[in-house]
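Contents: one structure, followed by commentary.
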Amino acid sequence: MQAFLHQVLSGLANGGIYASVALALVMIYQATHHVNFAQGEMAMFSTYVCWLLLQAGVPYWVAFILTLGFAFAAGVAIERIIVRPVEQAPVLTVVAVFIGLLLIINSLAGWLFSYTIKAFPSPFPSDAWYGSPFMSPHEVGMIFVTMVVLALVFFFFRFTPLGLAMRAAAQNPVSSRLVGIRVGWMLAIGWGLAGLIGSVAGMMAAPIVYLDPYMMTGILLYGFAAALVGGIDNAWGAVLGGFTVGVLENVAGAYVVGTELKLTVALAIIIGVLVIRPSGLFGRVLVTRV
Amino acid sequence: MTMATIETSRPAAARQYAGLSLRAWRIVGVAALLVGACALPFALSSYHLFQATQVLVYAMVLLGLNILTGFNGQISLGHGAFYAIGAYTAAVLLDKTGVPYWATIPLAGAVCLVAGFLFGRPALRLEGHYLALATFALAVSTPQILKYKHFEEWTGGVQGIVITKPDAPLGLPLDSDQWLYFFCLLWTVPLFVIGWNLLRGRTGRAMVAIRDHPMAAATMGIDTALYKSMTFGVSAMYTGIAGALGALVAQFVSPDSFGFPLSIQFLVGIVVGGIASISGAVFGAIFIEFVPNIADQISKAAPQAIYGIFLITSMYLMPMGVAGVIRRATARLARMTGERPPR
Amino acid sequence: MSASADAILETRGLDAAYGPTQVLQALDLTVPRGGIVTLLGANGAGKTTALRAICNMMVRCAGEIHFAGQRIDGRATEDIVRLGIGHVPDGRGTFVSLTVEENLRLGAYTRRDREVAQDFERVYGYFPRLKERYRQQAGTLSGGEQQMLAISRALMLRPKLLLLDEPSFGLAPLIVQEIFRILRAINQQEGTSMLLVEQNASIALELADQAYLLETGRIIMAGPSRVISSDESVRRAYLGY
């Protein structure tokens with residue numbers, strides 16, 4: 001029983017990471033109807049930037065905040081420079097560009113930082129008071145940090161004028177222009193925020209999965225699964241989906257298929273959702289006009 | 001010129017270019033290509049011949065992928081999985097059974113035809129990004145499935161399976177590398193001919209119609225569900241045949257060589273070579289076979305970076321790939337030099 | 001040649017096309033300051049296109065557009081709007097998943113002054129129904145209420161010119177009358193100029209001072225609305241008697 005509880009709680013901790021990645025994916029999807037295949041690599045690269053700062057002696061939380069800034073700026077830049085020209089292009093073009101972005105960022109990281117696996121510190125000491133046999137201090141910290149970030153994002157979108165303008169631009173770009181919203185920049189900021197959220201996921205995951213250019217591929221896959229489970233156009237669904245999928249991964253890994261097939265579990269979830277209920281648990285069922 | 005021009009009728013009096021019609025030039029070109037292809041094994045060193053054989057294998061894969069993604073519009077980021085299925089089918093048969101090597105190829109093709117069709121059916125409802133997502137998931141999880149301990153008895157687990165190269169039959173004066181090349185050519189040529197016929201005919205037009213206007217295609221009486229699943233199956237079959245041949249060429253199969261990077265290579269191949277183009281498959285194959293070899297010498301990260309740069313710049317600068325560039329160049333040349341035959 | 005001093009909006013030789021299809025030809029239109037002008041015509045005559053062309057949305061345009069003394073042709077929609085044009089599009093264009101209040105707040109998005117709260121009250125004064133439903137999701141409002149919301153959102157901009165695209169569309173006659181009554185009040189109390197595109201010719205001619213008649217992209221008649229409405233051919237074709 002204790003072991004089961006540990007699996008569930010640890011799954012929730014991982015779920016926070018999946019929820020963050022899923023939220024980033026959903027934010028971009030809501031605004032553009034594109035799936036950002038490069039989301040994982042963007043998060044990975046930001047984590048490397050944090051590592052660089054830490055190596056230079058910057059204290060952890062300062063490095064954390066600076067990395068958030070970097071991730072935001074990088075997201076904005078990527079949207080304005082690489083994504084904007086292909087915004088209206090056919091799906092294959094967009095997918096190819098995103099995969100291209102994935103490859104470039106990945107190889108840039110490999111070239112700059114080498115492919116050797118590096119350790120990444122956790123800001124939550126292993127003997128902290130909030131640790132327990134059920135959850136390590138880092139896992140507790142992970143959930144806490146991701147919840148704080150998600151709460152801030154929610155607050156931003158719900159209660160600030162810019163957040164309102166971004167929601168409007170995502171839903172109805174034409175009407176948004178009619179009230180003077182610069183829709184293009186809203187998209188860029190959206191990408192910036194998605195990059196920022198992704199970097200949080202990267203920095204929280206790195207102590208566990210270790211830092212290397214391929215660290216985010218599996219996490220991205222689970223992020224996709226989470227976004228699909230929740231409904232790819234629904235932010236709340238993404239968060240819920242993330243925690244659900246995190247727990248499923250651990251429970252399935254421990255009791256059903258063994259830990260070597262964890263990625264296959266994600267595949268099964270993805271195919272399952274797409275076949276049974278493509279709009280996910282909370283997404284809107286899209287009815288296309290003929 | 002728009003994507004996938006499929007000629008349906010010829011002008012009444014064909015234009016002549018330097019004395020021959022376009023059609024005659026095409027035949028000459030293909031014949032020259034075939035002659036060249038047959039001469040290659042006697043001119044190249046063992047290693048370069050190995051590379052040329054690999055190009056043939058990739059060309060078949062890319063043709064298969066192009067049929068699905070280029071002509072039928074179903075985006076697959078997971079064709080590495082079908083390649084793996086083909087390769088492992090051949091390897092397991094060779095390792096565990098007495099099936100001769102030349103029989104493993106069609107068997108691998110058959111297995112993949114079924115696998116592709118089975119994947120294609122549920123994938124029917126998936127469009128664009130969703131299908132890309134699902135196939136991405138397939139590609140990422142393939143190595144894990146292949147390494148699964150309950151399959152180890154068959155798949156050889158992490159170490160994979162080693163295969164011996166077959167010798168030339170009937171005492172032909174070819175060494176095993178040369179024979180393998182011709183063996184692959186024996187598969188490549190018919191697959192290309194079949195593909196060419198398929199795409200030029202009614203089936204091809206139906207596929208393109210489904211890609212461009214699925215709603216309209218359905219109202220015209222095309223059974224889109226059947227076509228899309230069949231296209232998936234055929235595409236997987238091509239890839240599976242290539243995978244089996246590839247296993248013979250590489251002489252081993254192991255799970256980690258069939259991961260996401262392989263599927264990406266295939267995507268890069270069709271994008272750079274030319275989407276919805278048959279010749280594009282060959283250009284793409286040449287690209288993905290030789291670029292990593294050259295790029296590797298710059299740095300370990302370089303091949304991927306080059307793939308990424310080419311993917312993005314192709315989409316901006318040459319969306320129709322190398323094949324498209326060549327097509328436009330020859331069209332311009334034809335306009336400049338062509339004369340109408342005298343009435 | 002600069003625009004006439006008392007015109008808030010003036011177009012000269014305005015052409016508009018969707019892709020290769022020419023929809024408007026050499027349109028010359030003037031809206032006097034504080035006046036109400038209506039653009040009439042049958043379906044497909046190009047009325048909606050004219051409004052879109054003024055805001056440079058969705059069409060390719062050529063020709064001159066002068067607004068409040070400035071050239072606005074070629075500028076981005078969001079910049080044109082910030083100069084003081086409130087556009088109430090066809091189909092209302094409300095943000096259906098957002099609340100009434102959020103819709104209105106978005107209308108004031110570009111404003112930097114401190115009088116936004118006042119404008120909320122003003123708008124609720126014109127349309128009390130919106131105040132009752134201010135927390136409701138805009139998509140759940142009735143057609144008439146959505147039209148009121150769309151107009152109010154444009155008003156939150158404090159526009160000098162209001163562009164209205166078929167505000168009567170799909171609404172019951174009583175609601176239409178109420179809305180048009182309020183439009184007249186807005187024009188009289190605030191001095192807001194209006195360019196009104198309508199298929200319902202009779203109610204439009206009642207409200208407007210001037211009218212233009214559009215047929216397949218060209219203006220075939222222009223003048224004071226009383227003159228237009230008593231014209232024989234107009235009465236037969238558009239007024240039904």
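Every chain in the structure tokens takes a letter, A first, then B, and so on in the order presented; its residues are numbered from 1, and the ligands are numbered from 1 following the presented order.
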
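Residue list for chain B within 7 Å of chain A: B:Ile75, B:Pro122, B:Gly128, B:His129, B:Ala134, B:Ala137, B:Leu138, B:Ser141, B:Gln144, B:Ile145, B:Tyr148, B:Ala301, B:Ala302, B:Gln304, B:Ala305, B:Tyr307, B:Gly308, B:Ile309, B:Leu311, B:Ile312, B:Met315, counting only C-alpha atoms.
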
For this session: Using DSSP on the backbone, list every residue of segment 8-241 of chain C that comes out as strand (DSSP E), and give them as a ChimeraX atom specification.
Result: /C:8-18,21-32,36-41,60-67,70-71,85-88,161-165,193-198,210-215,218-224

Go ahead and write the residues just picked, C-alpha atoms, as a CSV table (one decimal), in the first residue's frame.
```csv
chain,number,residue,atom,x,y,z
C,8,ILE,CA,-14.8,62.9,-41.3
C,9,LEU,CA,-14.4,60.2,-43.9
C,10,GLU,CA,-13.7,60.6,-47.6
C,11,THR,CA,-12.8,57.9,-50.1
C,12,ARG,CA,-11.6,58.7,-53.6
C,13,GLY,CA,-11.4,56.1,-56.4
C,14,LEU,CA,-11.6,53.2,-53.9
C,15,ASP,CA,-11.1,49.9,-55.6
C,16,ALA,CA,-11.4,46.6,-53.7
C,17,ALA,CA,-10.8,43.0,-54.7
C,18,TYR,CA,-10.8,39.6,-53.2
C,21,THR,CA,-12.2,39.3,-58.2
C,22,GLN,CA,-12.9,43.0,-58.4
C,23,VAL,CA,-15.7,44.0,-56.1
C,24,LEU,CA,-15.6,47.7,-55.8
C,25,GLN,CA,-14.9,50.2,-58.6
C,26,ALA,CA,-13.8,53.8,-58.1
C,27,LEU,CA,-15.9,54.4,-55.1
C,28,ASP,CA,-16.2,58.1,-54.0
C,29,LEU,CA,-17.9,58.4,-50.7
C,30,THR,CA,-18.1,61.2,-48.1
C,31,VAL,CA,-19.3,61.1,-44.5
C,32,PRO,CA,-19.8,64.6,-43.1
C,36,ILE,CA,-25.2,59.7,-40.7
C,37,VAL,CA,-24.7,58.2,-44.1
C,38,THR,CA,-26.1,55.0,-45.3
C,39,LEU,CA,-24.9,52.7,-48.0
C,40,LEU,CA,-27.7,50.7,-49.6
C,41,GLY,CA,-27.7,48.0,-52.2
C,60,ARG,CA,-6.9,44.2,-51.4
C,61,CYS,CA,-7.5,47.9,-51.9
C,62,ALA,CA,-6.4,50.7,-54.1
C,63,GLY,CA,-7.3,54.4,-54.0
C,64,GLU,CA,-7.4,57.1,-51.3
C,65,ILE,CA,-9.1,57.0,-48.0
C,66,HIS,CA,-9.0,60.1,-45.8
C,67,PHE,CA,-10.1,60.0,-42.2
C,70,GLN,CA,-5.2,61.8,-42.5
C,71,ARG,CA,-4.6,59.2,-45.2
C,85,ILE,CA,-13.0,54.3,-36.1
C,86,GLY,CA,-15.3,51.9,-34.4
C,87,HIS,CA,-16.3,49.0,-36.7
C,88,VAL,CA,-19.3,46.9,-35.9
C,161,LEU,CA,-16.8,57.5,-36.7
C,162,LEU,CA,-18.9,54.4,-36.3
C,163,LEU,CA,-19.1,51.8,-39.1
C,164,LEU,CA,-22.1,49.6,-38.9
C,165,ASP,CA,-22.5,46.5,-41.1
C,193,SER,CA,-20.5,60.3,-37.3
C,194,MET,CA,-21.9,57.0,-38.7
C,195,LEU,CA,-21.6,55.1,-41.9
C,196,LEU,CA,-24.3,52.6,-42.0
C,197,VAL,CA,-24.5,49.6,-44.4
C,198,GLU,CA,-28.0,48.2,-44.6
C,210,GLN,CA,-27.5,61.0,-46.8
C,211,ALA,CA,-27.6,57.9,-48.8
C,212,TYR,CA,-25.6,56.1,-51.5
C,213,LEU,CA,-26.9,53.4,-53.6
C,214,LEU,CA,-24.4,50.7,-54.6
C,215,GLU,CA,-24.9,48.3,-57.5
C,218,ARG,CA,-20.4,51.1,-58.3
C,219,ILE,CA,-22.3,54.0,-56.8
C,220,ILE,CA,-25.3,54.7,-59.0
C,221,MET,CA,-27.1,57.2,-56.9
C,222,ALA,CA,-26.3,59.6,-54.1
C,223,GLY,CA,-28.0,62.3,-52.3
C,224,PRO,CA,-30.1,63.3,-49.2
```

Exercise. Which residues come within 7 Å of Leu68 of chain B, counting only C-alpha atoms, excluding same-chain residues fewer than 5 positions away, as a ChimeraX atom specification?
Worked result: /B:73-74,231-232,235

Produce a file of the selected residues containing N, CA and C atoms, as a PDB file, in the first residue's frame.
```pdb
ATOM      1  N   GLY B  73      -1.366  13.298 -48.744  1.00  0.00           N
ATOM      2  CA  GLY B  73      -1.509  14.314 -47.716  1.00  0.00           C
ATOM      3  C   GLY B  73      -1.568  13.810 -46.295  1.00  0.00           C
ATOM      4  N   GLN B  74      -1.247  12.566 -46.029  1.00  0.00           N
ATOM      5  CA  GLN B  74      -1.248  12.087 -44.648  1.00  0.00           C
ATOM      6  C   GLN B  74       0.183  12.166 -44.120  1.00  0.00           C
ATOM      7  N   THR B 231      -3.663   3.419 -48.941  1.00  0.00           N
ATOM      8  CA  THR B 231      -2.446   4.185 -49.188  1.00  0.00           C
ATOM      9  C   THR B 231      -1.461   3.993 -48.051  1.00  0.00           C
ATOM     10  N   PHE B 232      -1.988   3.989 -46.826  1.00  0.00           N
ATOM     11  CA  PHE B 232      -1.120   3.742 -45.678  1.00  0.00           C
ATOM     12  C   PHE B 232      -0.473   2.379 -45.817  1.00  0.00           C
ATOM     13  N   SER B 235       2.112   2.327 -48.645  1.00  0.00           N
ATOM     14  CA  SER B 235       3.282   3.097 -48.233  1.00  0.00           C
ATOM     15  C   SER B 235       4.126   2.311 -47.233  1.00  0.00           C
TER      16      SER B 235
END
```

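Of the residues listed (A:Pro213, A:Pro137, A:Gly230, A:Gly57), A:Gly230 shows the shortest atom-to-atom separation from Tyr18 of chain A; distances use only C-alpha atoms.
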
For this session: Specify as a ChimeraX atom specification all residues of chain C found within 10 Å of chain A, counting only C-alpha atoms.
Result: /C:55,57-58,76-89,92-98,102-111,153-154,156-157

For this session: Find the spatial neighbours of Arg226 of chain C, counting only C-alpha atoms, within a cut-off of 12 Å - ignore same-chain residues fewer than 6 positions away - and output them as a VMD selection string.
Result: chain C and resid 202 204 to 212 234 to 235

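Between atom CA of Ala138 of chain C and atom CA of Val229 of chain A lies a distance of 27.7 Å.
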
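Atom to atom, atom CA of Leu23 of chain A and atom CA of Ala238 of chain A stand 5.4 Å apart.
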